[in-house]
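Okay, model14.csv is below, CSV, C-alpha atoms:
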chain,number,residue,atom,x,y,z
A,1,MET,CA,7.5,11.1,-7.2
A,2,ASN,CA,8.8,14.6,-7.5
A,3,LYS,CA,5.5,16.1,-6.4
A,4,THR,CA,5.5,13.8,-3.4
A,5,ALA,CA,9.0,14.7,-2.4
A,6,LEU,CA,8.1,18.4,-2.7
A,7,GLY,CA,5.0,18.0,-0.6
A,8,MET,CA,6.9,16.1,2.0
A,9,ALA,CA,9.7,18.6,2.0
A,10,ALA,CA,7.2,21.4,2.6
A,11,ALA,CA,5.7,19.4,5.5
A,12,THR,CA,9.2,19.0,7.0
A,13,VAL,CA,9.9,22.7,6.9
A,14,THR,CA,6.5,23.4,8.5
A,15,LEU,CA,7.1,21.0,11.2
A,16,ALA,CA,10.6,22.3,11.8
A,17,LEU,CA,9.2,25.8,12.1
A,18,ILE,CA,6.6,24.7,14.6
A,19,ALA,CA,9.3,23.0,16.6
A,20,PHE,CA,11.5,26.1,16.5
A,21,PHE,CA,8.7,28.3,17.9
A,22,GLN,CA,7.9,25.8,20.6
A,23,GLY,CA,11.4,25.0,21.8
A,24,GLY,CA,14.0,26.8,19.7
A,25,LEU,CA,16.8,25.1,17.9
A,26,ALA,CA,17.2,22.5,20.5
A,27,LEU,CA,13.8,21.0,19.7
A,28,VAL,CA,14.5,21.2,16.0
A,29,GLY,CA,17.7,19.2,16.6
A,30,GLN,CA,15.8,16.7,18.7
A,31,GLY,CA,13.3,16.2,15.8
A,32,PHE,CA,16.2,15.4,13.4
A,33,LEU,CA,17.8,13.1,16.0
A,34,THR,CA,14.6,11.2,16.7
A,35,GLY,CA,14.0,10.6,13.0
A,36,GLY,CA,17.6,9.6,12.4
A,37,GLN,CA,17.5,7.1,15.3
A,38,THR,CA,14.4,5.5,14.0
A,39,LEU,CA,15.9,5.2,10.5
A,40,LEU,CA,19.1,3.6,11.9
A,41,ARG,CA,17.1,1.1,14.0
A,42,VAL,CA,15.2,-0.2,11.0
A,43,PHE,CA,17.9,0.1,8.4
A,44,PRO,CA,18.6,-3.7,8.1
A,45,ILE,CA,14.9,-4.3,7.5
A,46,LEU,CA,14.8,-1.7,4.8
A,47,ILE,CA,17.7,-3.4,3.0
A,48,LEU,CA,15.9,-6.8,3.2
A,49,ALA,CA,12.7,-5.2,2.0
A,50,PHE,CA,14.3,-3.8,-1.1
A,51,ILE,CA,16.1,-7.1,-1.9
A,52,ILE,CA,12.6,-8.7,-1.8
A,53,ALA,CA,11.0,-6.0,-3.9
A,54,GLY,CA,13.7,-6.2,-6.6
A,55,LEU,CA,13.7,-10.0,-6.8
A,56,SER,CA,9.9,-10.3,-7.0
A,57,SER,CA,9.7,-7.6,-9.7
A,58,LYS,CA,12.0,-9.7,-11.9
A,59,LEU,CA,10.2,-13.0,-11.2
A,60,ILE,CA,6.8,-11.8,-12.4
A,61,SER,CA,6.4,-10.1,-15.8
A,62,ARG,CA,3.6,-8.0,-17.4
A,63,LYS,CA,3.2,-10.8,-20.0
A,64,ILE,CA,2.3,-13.4,-17.3
A,65,VAL,CA,-0.3,-11.0,-15.9
A,66,THR,CA,-2.0,-10.3,-19.3
A,67,ASP,CA,-2.0,-14.0,-20.2
A,68,TRP,CA,-3.6,-15.0,-17.0
A,69,LEU,CA,-6.2,-12.3,-16.5
A,70,GLY,CA,-7.6,-11.7,-20.0
A,71,GLN,CA,-10.7,-13.0,-21.6
A,72,ARG,CA,-9.8,-16.7,-21.0
A,73,ALA,CA,-9.8,-16.3,-17.2
A,74,GLY,CA,-13.7,-16.7,-17.1
A,75,TRP,CA,-15.1,-17.7,-13.7
A,76,LYS,CA,-11.6,-18.1,-12.4
A,77,GLY,CA,-11.0,-14.4,-12.9
A,78,PRO,CA,-11.6,-13.2,-9.3
A,79,PHE,CA,-9.2,-16.0,-8.0
A,80,LEU,CA,-6.5,-15.3,-10.5
A,81,GLY,CA,-7.0,-11.5,-10.1
A,82,THR,CA,-6.5,-11.9,-6.4
A,83,LEU,CA,-3.4,-14.0,-6.7
A,84,LEU,CA,-1.7,-11.8,-9.3
A,85,GLY,CA,-2.7,-8.6,-7.4
A,86,ALA,CA,-0.8,-9.9,-4.5
A,87,LEU,CA,2.2,-10.6,-6.6
A,88,VAL,CA,2.5,-7.8,-9.1
A,89,PRO,CA,4.9,-5.1,-8.0
A,90,GLY,CA,4.7,-1.4,-8.8
A,91,GLY,CA,2.8,1.7,-7.6
A,92,PRO,CA,-0.5,3.2,-8.7
A,93,PHE,CA,1.2,4.9,-11.7
A,94,PHE,CA,1.9,1.3,-12.9
A,95,PHE,CA,-1.0,-0.8,-12.0
A,96,TYR,CA,-3.9,1.4,-12.9
A,97,PRO,CA,-2.7,1.7,-16.5
A,98,LEU,CA,-2.1,-2.0,-16.5
A,99,MET,CA,-5.7,-2.6,-15.3
A,100,ALA,CA,-7.0,-0.4,-18.2
A,101,THR,CA,-5.0,-2.5,-20.7
A,102,LEU,CA,-6.5,-5.7,-19.1
A,103,ILE,CA,-10.0,-4.4,-19.3
A,104,VAL,CA,-9.6,-3.5,-23.0
A,105,SER,CA,-8.1,-6.9,-23.7
A,106,GLY,CA,-11.1,-8.6,-22.3
A,107,ALA,CA,-10.8,-9.0,-18.5
A,108,ASN,CA,-14.0,-8.9,-16.4
A,109,VAL,CA,-14.6,-6.1,-14.1
A,110,GLY,CA,-15.0,-8.6,-11.2
A,111,THR,CA,-11.5,-9.8,-11.9
A,112,MET,CA,-10.3,-6.2,-11.8
A,113,ILE,CA,-12.1,-5.5,-8.5
A,114,SER,CA,-10.4,-8.5,-7.1
A,115,PHE,CA,-7.0,-7.4,-8.5
A,116,VAL,CA,-7.1,-3.9,-7.1
A,117,ALA,CA,-8.2,-5.1,-3.7
A,118,ALA,CA,-5.4,-7.7,-3.5
A,119,LYS,CA,-2.9,-5.2,-4.8
A,120,THR,CA,-3.8,-2.7,-2.1
A,121,LEU,CA,-4.4,-5.2,0.7
A,122,TRP,CA,-2.1,-8.2,0.2
A,123,TYR,CA,0.7,-7.1,-2.1
A,124,ILE,CA,3.6,-9.3,-0.8
A,125,GLY,CA,6.3,-6.7,-1.6
A,126,ARG,CA,4.7,-4.4,1.0
A,127,ILE,CA,4.5,-7.0,3.8
A,128,PRO,CA,8.2,-6.7,4.8
A,129,ILE,CA,7.8,-3.1,5.6
A,130,GLU,CA,4.5,-3.7,7.3
A,131,ILE,CA,6.0,-6.3,9.5
A,132,ALA,CA,9.0,-4.1,10.2
A,133,PHE,CA,6.9,-1.1,11.4
A,134,ALA,CA,3.5,-2.3,12.4
A,135,GLY,CA,4.8,-5.5,13.9
A,136,LEU,CA,4.0,-9.2,13.2
A,137,GLU,CA,0.8,-9.3,15.3
A,138,ILE,CA,-1.0,-6.4,13.5
A,139,THR,CA,0.1,-7.6,10.1
A,140,VAL,CA,-1.1,-11.1,10.7
A,141,VAL,CA,-4.4,-10.0,12.2
A,142,ARG,CA,-5.0,-7.6,9.3
A,143,PHE,CA,-4.2,-10.3,6.8
A,144,LEU,CA,-6.5,-12.9,8.4
A,145,ILE,CA,-9.5,-10.4,8.7
A,146,THR,CA,-9.3,-9.1,5.2
A,147,PHE,CA,-8.2,-12.4,3.6
A,148,ALA,CA,-11.5,-13.2,1.8
A,149,ILE,CA,-12.4,-9.7,0.7
A,150,PRO,CA,-10.7,-9.5,-2.8
A,151,ILE,CA,-12.2,-12.9,-3.9
A,152,LEU,CA,-15.7,-12.3,-2.5
A,153,ALA,CA,-15.9,-8.8,-3.9
A,154,GLY,CA,-14.9,-9.9,-7.4
A,155,ILE,CA,-17.3,-12.8,-7.5
A,156,ALA,CA,-20.1,-10.6,-6.2
A,157,VAL,CA,-19.5,-8.1,-9.0
A,158,ASP,CA,-19.4,-10.7,-11.7
A,159,ILE,CA,-22.7,-12.3,-10.4
A,160,PHE,CA,-24.7,-9.2,-9.6
A,161,LEU,CA,-23.5,-6.7,-12.1
A,162,PRO,CA,-22.8,-8.8,-15.3
A,163,GLY,CA,-23.4,-5.9,-17.6
A,164,TYR,CA,-20.9,-3.6,-16.0
A,165,THR,CA,-17.9,-5.1,-17.8
A,166,ASN,CA,-19.0,-3.7,-21.1
A,167,LYS,CA,-20.0,-0.3,-19.8
A,168,ILE,CA,-16.6,0.2,-18.1
A,169,LYS,CA,-14.8,-1.2,-21.1
A,170,GLU,CA,-16.5,1.5,-23.2
A,171,GLU,CA,-15.5,4.2,-20.8
A,172,VAL,CA,-11.8,3.0,-20.7
A,173,GLU,CA,-11.6,2.9,-24.5
A,174,ALA,CA,-13.1,6.4,-24.7
A,175,LEU,CA,-10.4,7.6,-22.1
A,176,GLN,CA,-7.6,5.9,-24.1
A,177,ALA,CA,-8.8,7.5,-27.4
A,178,LYS,CA,-8.9,10.9,-25.7
A,179,ASN,CA,-5.4,10.5,-24.3
A,180,LYS,CA,-4.1,9.4,-27.7
A,181,SER,CA,-5.6,12.4,-29.5
A,182,GLN,CA,-4.2,14.7,-26.9
A,183,LYS,CA,-0.7,13.2,-27.4
A,184,SER,CA,-0.8,13.4,-31.2
A,185,GLY,CA,-2.1,17.0,-30.9
A,186,GLU,CA,1.0,18.1,-29.1
B,1,MET,CA,11.2,-3.8,20.8
B,2,VAL,CA,14.5,-5.5,20.1
B,3,SER,CA,12.8,-8.9,20.0
B,4,GLU,CA,10.1,-7.7,17.6
B,5,LEU,CA,12.7,-6.2,15.4
B,6,THR,CA,14.7,-9.4,15.4
B,7,GLU,CA,11.4,-11.3,14.6
B,8,ALA,CA,10.8,-9.1,11.6
B,9,ILE,CA,14.4,-9.5,10.4
B,10,ILE,CA,14.1,-13.3,10.6
B,11,VAL,CA,10.8,-13.4,8.7
B,12,LEU,CA,12.1,-11.1,6.0
B,13,ALA,CA,15.4,-12.9,5.6
B,14,ILE,CA,13.5,-16.2,5.0
B,15,MET,CA,11.3,-14.5,2.4
B,16,ALA,CA,14.4,-13.0,0.7
B,17,LEU,CA,16.2,-16.4,0.7
B,18,ILE,CA,13.2,-18.1,-0.9
B,19,LEU,CA,13.0,-15.5,-3.6
B,20,LEU,CA,16.7,-15.6,-4.1
B,21,PHE,CA,16.6,-19.3,-4.6
B,22,MET,CA,13.7,-19.0,-7.1
B,23,ALA,CA,15.6,-16.2,-8.9
B,24,ILE,CA,18.8,-18.2,-9.1
B,25,LYS,CA,16.9,-21.1,-10.6
B,26,GLN,CA,15.7,-18.8,-13.4
B,27,GLY,CA,19.0,-17.0,-13.7
B,28,LYS,CA,17.5,-13.7,-12.7
B,29,HIS,CA,19.1,-13.1,-9.3
B,30,ILE,CA,21.7,-10.5,-10.6
B,31,GLU,CA,19.0,-8.6,-12.4
B,32,GLY,CA,16.7,-8.8,-9.4
B,33,LEU,CA,19.3,-7.6,-6.9
B,34,LYS,CA,20.2,-4.7,-9.2
B,35,GLU,CA,16.5,-3.8,-9.5
B,36,GLY,CA,16.3,-3.8,-5.7
B,37,LYS,CA,19.3,-1.5,-5.5
B,38,LYS,CA,17.8,0.8,-8.1
B,39,LEU,CA,14.4,0.9,-6.2
B,40,PHE,CA,16.3,1.7,-3.0
B,41,LEU,CA,18.3,4.5,-4.4
B,42,ASN,CA,15.1,6.0,-6.0
B,43,VAL,CA,13.2,5.9,-2.8
B,44,LEU,CA,16.1,7.0,-0.5
B,45,PRO,CA,15.6,10.8,-0.6
B,46,LEU,CA,11.9,10.2,0.1
B,47,LEU,CA,12.8,7.9,2.9
B,48,LEU,CA,15.1,10.4,4.5
B,49,ILE,CA,12.4,13.1,4.5
B,50,ALA,CA,9.8,10.6,5.8
B,51,PHE,CA,11.9,9.8,8.8
B,52,ILE,CA,12.6,13.4,9.6
B,53,ILE,CA,8.9,14.1,9.5
B,54,VAL,CA,8.3,11.1,11.7
B,55,GLY,CA,10.8,12.4,14.2
B,56,PHE,CA,9.1,15.8,14.3
B,57,ILE,CA,5.6,14.4,14.7
B,58,GLU,CA,6.8,12.2,17.5
B,59,ILE,CA,8.2,15.1,19.5
B,60,LEU,CA,5.4,17.6,18.6
B,61,LEU,CA,2.2,15.6,18.9
B,62,PRO,CA,1.1,15.2,22.5
B,63,GLU,CA,0.5,11.6,23.4
B,64,ALA,CA,-2.7,12.6,25.4
B,65,THR,CA,-4.4,14.0,22.3
B,66,LEU,CA,-3.6,10.9,20.3
B,67,GLN,CA,-4.9,8.6,23.1
B,68,ALA,CA,-8.2,10.6,23.3
B,69,TRP,CA,-8.8,10.4,19.5
B,70,LEU,CA,-7.6,6.9,18.7
B,71,GLY,CA,-6.7,5.0,21.9
B,72,GLU,CA,-8.7,2.6,24.1
B,73,GLU,CA,-11.0,5.4,25.5
B,74,SER,CA,-11.9,6.6,22.0
B,75,GLY,CA,-14.1,3.6,21.5
B,76,TRP,CA,-15.9,3.4,18.2
B,77,LYS,CA,-14.5,6.9,17.2
B,78,GLY,CA,-11.1,5.3,16.5
B,79,LEU,CA,-12.7,3.1,13.9
B,80,ILE,CA,-13.9,6.2,12.0
B,81,ILE,CA,-11.0,8.6,12.5
B,82,GLY,CA,-8.4,5.9,12.0
B,83,PRO,CA,-9.4,5.1,8.4
B,84,ILE,CA,-9.8,8.7,7.5
B,85,ILE,CA,-6.3,9.4,8.6
B,86,GLY,CA,-5.1,6.3,6.7
B,87,ALA,CA,-6.9,7.3,3.5
B,88,LEU,CA,-5.3,10.8,3.6
B,89,VAL,CA,-1.6,9.8,4.3
B,90,GLN,CA,0.4,10.1,1.1
B,91,GLY,CA,3.9,9.0,0.0
B,92,GLY,CA,3.7,5.3,-0.3
B,93,PRO,CA,4.5,2.5,2.2
B,94,TYR,CA,8.0,3.9,3.0
B,95,ALA,CA,6.3,7.1,4.3
B,96,PHE,CA,3.2,5.6,5.8
B,97,PHE,CA,4.6,2.7,7.9
B,98,PRO,CA,7.4,4.6,9.7
B,99,LEU,CA,4.8,7.2,10.5
B,100,PHE,CA,2.4,4.6,11.8
B,101,ASP,CA,5.1,3.0,13.9
B,102,ALA,CA,6.3,6.3,15.5
B,103,VAL,CA,3.0,8.0,16.0
B,104,PHE,CA,0.0,5.6,16.2
B,105,ARG,CA,1.2,2.1,16.9
B,106,ASP,CA,1.5,2.4,20.7
B,107,SER,CA,-1.7,4.4,21.2
B,108,VAL,CA,-4.3,2.7,19.1
B,109,THR,CA,-6.3,-0.5,19.6
B,110,ILE,CA,-5.7,-3.4,17.2
B,111,GLY,CA,-9.0,-2.6,15.4
B,112,THR,CA,-8.0,1.0,14.8
B,113,ALA,CA,-4.6,-0.2,13.5
B,114,VAL,CA,-6.2,-2.7,11.1
B,115,ALA,CA,-8.8,-0.1,10.0
B,116,MET,CA,-6.1,2.6,9.4
B,117,ILE,CA,-3.7,0.4,7.4
B,118,THR,CA,-6.6,-1.2,5.4
B,119,ALA,CA,-7.9,2.3,4.5
B,120,TRP,CA,-4.5,3.6,3.6
B,121,GLY,CA,-4.1,0.8,1.1
B,122,MET,CA,-7.6,0.3,-0.3
B,123,ILE,CA,-9.2,3.8,-0.3
B,124,ASN,CA,-6.3,6.1,-0.5
B,125,ILE,CA,-7.2,9.4,-1.9
B,126,GLY,CA,-3.9,9.7,-3.7
B,127,HIS,CA,-5.0,6.9,-6.0
B,128,LEU,CA,-8.1,8.8,-7.2
B,129,PRO,CA,-6.4,10.8,-10.0
B,130,TYR,CA,-5.0,7.6,-11.5
B,131,GLU,CA,-8.3,5.8,-11.2
B,132,PHE,CA,-10.2,8.6,-12.9
B,133,ALA,CA,-7.5,9.0,-15.6
B,134,PHE,CA,-7.2,5.4,-16.6
B,135,LEU,CA,-10.4,3.6,-15.5
B,136,GLY,CA,-13.1,6.2,-15.6
B,137,PRO,CA,-15.8,7.4,-13.2
B,138,ARG,CA,-18.0,4.3,-13.4
B,139,PHE,CA,-15.2,2.1,-12.1
B,140,VAL,CA,-14.3,4.6,-9.4
B,141,LEU,CA,-17.9,4.6,-8.2
B,142,LEU,CA,-18.1,0.8,-8.2
B,143,LYS,CA,-14.9,0.4,-6.3
B,144,TYR,CA,-15.7,3.0,-3.6
B,145,CYS,CA,-19.3,1.7,-3.2
B,146,ILE,CA,-17.8,-1.7,-2.4
B,147,TYR,CA,-14.8,-0.8,-0.4
B,148,ILE,CA,-15.5,2.4,1.5
B,149,ALA,CA,-16.9,0.9,4.6
B,150,LEU,CA,-14.6,-2.2,4.7
B,151,PRO,CA,-11.7,-0.7,6.7
B,152,SER,CA,-14.0,0.2,9.6
B,153,LEU,CA,-15.7,-3.2,9.5
B,154,ALA,CA,-12.4,-5.0,9.4
B,155,GLY,CA,-11.3,-2.9,12.4
B,156,LEU,CA,-14.5,-3.7,14.3
B,157,LEU,CA,-14.0,-7.4,13.6
B,158,ALA,CA,-10.4,-7.2,14.7
B,159,ASN,CA,-11.4,-5.6,18.0
B,160,ILE,CA,-14.1,-8.3,18.6
B,161,LEU,CA,-11.8,-11.2,17.7
B,162,PHE,CA,-8.4,-10.1,18.8
B,163,GLY,CA,-9.0,-7.1,21.0
Entire entry expressed as structure tokens:
Amino acid sequence: MNKTALGMAAATVTLALIAFFQGGLALVGQGFLTGGQTLLRVFPILILAFIIAGLSSKLISRKIVTDWLGQRAGWKGPFLGTLLGALVPGGPFFFYPLMATLIVSGANVGTMISFVAAKTLWYIGRIPIEIAFAGLEITVVRFLITFAIPILAGIAVDIFLPGYTNKIKEEVEALQAKNKSQKSGE
Amino acid sequence: MVSELTEAIIVLAIMALILLFMAIKQGKHIEGLKEGKKLFLNVLPLLLIAFIIVGFIEILLPEATLQAWLGEESGWKGLIIGPIIGALVQGGPYAFFPLFDAVFRDSVTIGTAVAMITAWGMINIGHLPYEFAFLGPRFVLLKYCIYIALPSLAGLLANILFG
């Protein structure tokens, strides 16, 4: 989060400098003004988007996810993985560790391939902001076209690469052991 | 523009009401609204910077360049360049979508738009450090083998069906 803010601040300064050399302070001011106008225009949407994000994050818990996607999911894994991927809130710093936990606790790799695709394609918490800025048409077309991808990809992995689950599980466990020993060494 | 914005507000308000109803039934509405406020305040600084960046890009980037690279006349190139840009943009949805709206939305074909947004989500390079750290190289390899060409294909399909 901090690194992102820093990087973006650097980009802002660079752009402001470019604007300054192209058109002086007037152009710099115009940049701020254009940005501010866009922000004001979409402000009501942002408020709604965050209400939706907050409510959905409380309605679905980590426990529900682990219960549904673990060992017992079986052939239903890709379907459940897709469904929950679309519902589970949180950024990459949250869901990649969650996926590691799920793999260790017995989830299939196909389930995880479905989960990550749904999380990054269909996540419902992101749809408000997509509708707001890309428009309803693009959002709907994108949704229709990519609709089957998470489920199909997960099923394909489970069918064609059945041995992969164990190999990846071993790798994840090795990574977790390494992280643990690093932490205790500090 | 106004009508599209109104459309978006209506759809979102309905979503929010449904969730609010579900949350009230479980007694979680206060908690959920507080969480929303917390999220909003966390992202607010980032959001302000994002909109300033968007403002500058809008006034600095010549429309003609954009059209040539990503617009109607760019043809299939848009389906390759679009996803590359999408995969590179960092800062989460609150940075990406305002940028998309201000810079790309009016100049790109529906296919390029679909390809760019899909790539931004699915094969974003900002996810790689997390993927390597928590899931390991084998998973990363598997994921990218399956998903790397999908954004362009989705875009192509969008152009054929909805273009």
Nearest to Leu60 of chain B, chosen from B:Met116, B:Ile18, B:Ala102, B:Thr6, with all atoms listed in the file counted in the distances
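Of B:Met116, B:Ile18, B:Ala102, B:Thr6, the one nearest Leu60 of chain B, counting all atoms listed in the file, is B:Ala102.
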Counting all atoms listed in the file, what is within 6 Å of segment 87-102 of chain A, bar same-chain residues fewer than 3 positions away, as a PyMOL selection string?
(chain A and resi 57+84+105+107+123) or (chain B and resi 134-135)
Just C-alpha atoms for this one: save the residues we selected as a CSV table (one decimal), in the frame of the given file.
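Saved as result.csv:
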chain,number,residue,atom,x,y,z
A,57,SER,CA,9.7,-7.6,-9.7
A,84,LEU,CA,-1.7,-11.8,-9.3
A,105,SER,CA,-8.1,-6.9,-23.7
A,107,ALA,CA,-10.8,-9.0,-18.5
A,123,TYR,CA,0.7,-7.1,-2.1
B,134,PHE,CA,-7.2,5.4,-16.6
B,135,LEU,CA,-10.4,3.6,-15.5
Find the residues near Gln30 of chain A: any atom within 10 Å, counting all atoms listed in the file, skip ones fewer than 6 places away on the same chain, and give them as a PDB file with C-alpha atoms, keeping the file's coordinate frame.
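Done, and the output landed in part_16.pdb:
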ATOM      1  CA  ALA A  19       9.300  23.000  16.600  1.00  0.00           C
ATOM      2  CA  GLY A  23      11.400  25.000  21.800  1.00  0.00           C
ATOM      3  CA  GLY A  36      17.600   9.600  12.400  1.00  0.00           C
TER       4      GLY A  36
ATOM      5  CA  GLY B  55      10.800  12.400  14.200  1.00  0.00           C
ATOM      6  CA  PHE B  56       9.100  15.800  14.300  1.00  0.00           C
ATOM      7  CA  ILE B  59       8.200  15.100  19.500  1.00  0.00           C
TER       8      ILE B  59
END
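Relative to atom CA of Pro150 of chain A, atom CA of Leu153 of chain B is found at 14.7 Å.
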Write out as a VMD selection string the residues lying within 10 Å of Leu66 of chain B, counting only C-alpha atoms and excluding same-chain residues fewer than 4 positions away.
chain B and resid 61 to 62 70 to 71 74 103 to 104 106 to 108
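Nearest residue to chain A, choosing from B:Ala113, B:Val140, B:Pro45, B:Gly36 and counting only C-alpha atoms: B:Gly36.
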Test item: residues at most 12 Å from Ile124 of chain A, all atoms listed in the file, excluding those fewer than 3 positions along its chain, as a ChimeraX atom specification
/A:49,52-53,55-57,82-90,118-121,127-131,139,143 /B:12,15-16,19
Anything within 10 Å of (-14.5, -13.8, -5.6): list those residues as a PDB file with C-alpha atoms, in the frame of the given file, counting all atoms listed in the file and sticking to the file's coordinates.
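Listed below is the output, selection.pdb:
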ATOM      1  CA  TRP A  75     -15.100 -17.700 -13.700  1.00  0.00           C
ATOM      2  CA  LYS A  76     -11.600 -18.100 -12.400  1.00  0.00           C
ATOM      3  CA  GLY A  77     -11.000 -14.400 -12.900  1.00  0.00           C
ATOM      4  CA  PRO A  78     -11.600 -13.200  -9.300  1.00  0.00           C
ATOM      5  CA  PHE A  79      -9.200 -16.000  -8.000  1.00  0.00           C
ATOM      6  CA  LEU A  80      -6.500 -15.300 -10.500  1.00  0.00           C
ATOM      7  CA  GLY A  81      -7.000 -11.500 -10.100  1.00  0.00           C
ATOM      8  CA  THR A  82      -6.500 -11.900  -6.400  1.00  0.00           C
ATOM      9  CA  GLY A 110     -15.000  -8.600 -11.200  1.00  0.00           C
ATOM     10  CA  THR A 111     -11.500  -9.800 -11.900  1.00  0.00           C
ATOM     11  CA  ILE A 113     -12.100  -5.500  -8.500  1.00  0.00           C
ATOM     12  CA  SER A 114     -10.400  -8.500  -7.100  1.00  0.00           C
ATOM     13  CA  ALA A 148     -11.500 -13.200   1.800  1.00  0.00           C
ATOM     14  CA  ILE A 149     -12.400  -9.700   0.700  1.00  0.00           C
ATOM     15  CA  PRO A 150     -10.700  -9.500  -2.800  1.00  0.00           C
ATOM     16  CA  ILE A 151     -12.200 -12.900  -3.900  1.00  0.00           C
ATOM     17  CA  LEU A 152     -15.700 -12.300  -2.500  1.00  0.00           C
ATOM     18  CA  ALA A 153     -15.900  -8.800  -3.900  1.00  0.00           C
ATOM     19  CA  GLY A 154     -14.900  -9.900  -7.400  1.00  0.00           C
ATOM     20  CA  ILE A 155     -17.300 -12.800  -7.500  1.00  0.00           C
ATOM     21  CA  ALA A 156     -20.100 -10.600  -6.200  1.00  0.00           C
ATOM     22  CA  VAL A 157     -19.500  -8.100  -9.000  1.00  0.00           C
ATOM     23  CA  ASP A 158     -19.400 -10.700 -11.700  1.00  0.00           C
ATOM     24  CA  ILE A 159     -22.700 -12.300 -10.400  1.00  0.00           C
TER      25      ILE A 159
END
10 Å contact set for Lys37 of chain B, all atoms listed in the file, chain neighbours under 2 positions out, as a PyMOL selection string
(chain A and resi 47+50-51+53-54) or (chain B and resi 31-35+39-43)
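If you look at atom CA of Glu58 of chain B and atom CA of Phe162 of chain B, they are 27.0 Å away from each other.
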Enter the distance from atom CA of Ile49 of chain B to atom CA of Ile84 of chain B, in Å, rounded to one decimal.
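Taking atom CA of Ile49 of chain B as the start and atom CA of Ile84 of chain B as the end point, the length is 22.8 Å.
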Anything within 12 Å of (9.6, 12.5, 11.4): list those residues as JSON, numbers by chain, counting only C-alpha atoms and sticking to the file's coordinates.
{"A": [8, 9, 11, 12, 13, 14, 15, 16, 19, 28, 29, 30, 31, 32, 33, 34, 35, 36, 37, 38, 39], "B": [46, 47, 48, 49, 50, 51, 52, 53, 54, 55, 56, 57, 58, 59, 60, 61, 95, 96, 97, 98, 99, 100, 101, 102, 103]}
Centre and edge lengths, as lines of an AutoDock Vina configuration file, for the axis-aligned box enclosing every listed atom of segment 149-161 of chain A with 4 Å of padding on each of the six sides, in Å to one decimal?
center_x = -17.7
center_y = -9.8
center_z = -5.7
size_x = 22.0
size_y = 14.2
size_z = 20.8
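Using only C-alpha atoms for every distance, the candidate list B:Ala64, B:Ile146, B:Val114, B:Ile10 yields B:Val114 as the residue closest to Gly78 of chain B.
Nearest residue to chain A among B:Pro151, B:Gly163, B:Gly121, B:Gly82 is B:Gly121, counting only C-alpha atoms.
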Which residue, B:Gly86, B:Gly136, B:Gly27, B:Gly75, has the smallest gap to chain A when you use only C-alpha atoms?
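Of B:Gly86, B:Gly136, B:Gly27, B:Gly75, the one nearest chain A is B:Gly136, counting only C-alpha atoms.
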Please produce segment 106-114 of chain B, completed to N, CA, C and O atoms, as a compact mmCIF listing (two decimals), in the coordinates of the input.
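As written to disk, selection06.txt reads:
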# COMPACT_ATOMS: atom_id res chain seq x y z
N ASP B 106 1.62 2.66 19.27
CA ASP B 106 1.50 2.40 20.70
C ASP B 106 0.24 2.97 21.33
O ASP B 106 -0.11 2.63 22.45
N SER B 107 -0.48 3.85 20.61
CA SER B 107 -1.70 4.40 21.20
C SER B 107 -2.99 3.85 20.72
O SER B 107 -4.03 4.09 21.31
N VAL B 108 -2.98 3.11 19.61
CA VAL B 108 -4.30 2.70 19.10
C VAL B 108 -4.58 1.22 19.43
O VAL B 108 -3.70 0.43 19.77
N THR B 109 -5.89 0.88 19.36
CA THR B 109 -6.30 -0.50 19.60
C THR B 109 -5.98 -1.28 18.28
O THR B 109 -5.73 -0.70 17.23
N ILE B 110 -6.02 -2.61 18.39
CA ILE B 110 -5.70 -3.40 17.20
C ILE B 110 -6.71 -3.14 16.10
O ILE B 110 -6.34 -3.08 14.92
N GLY B 111 -7.99 -2.89 16.46
CA GLY B 111 -9.00 -2.60 15.40
C GLY B 111 -8.71 -1.31 14.70
O GLY B 111 -8.81 -1.26 13.46
N THR B 112 -8.35 -0.27 15.44
CA THR B 112 -8.00 1.00 14.80
C THR B 112 -6.81 0.85 13.89
O THR B 112 -6.77 1.39 12.78
N ALA B 113 -5.82 0.07 14.33
CA ALA B 113 -4.60 -0.20 13.50
C ALA B 113 -5.01 -0.87 12.21
O ALA B 113 -4.62 -0.45 11.12
N VAL B 114 -5.81 -1.93 12.32
CA VAL B 114 -6.20 -2.70 11.10
C VAL B 114 -7.03 -1.76 10.19
O VAL B 114 -6.81 -1.72 8.98
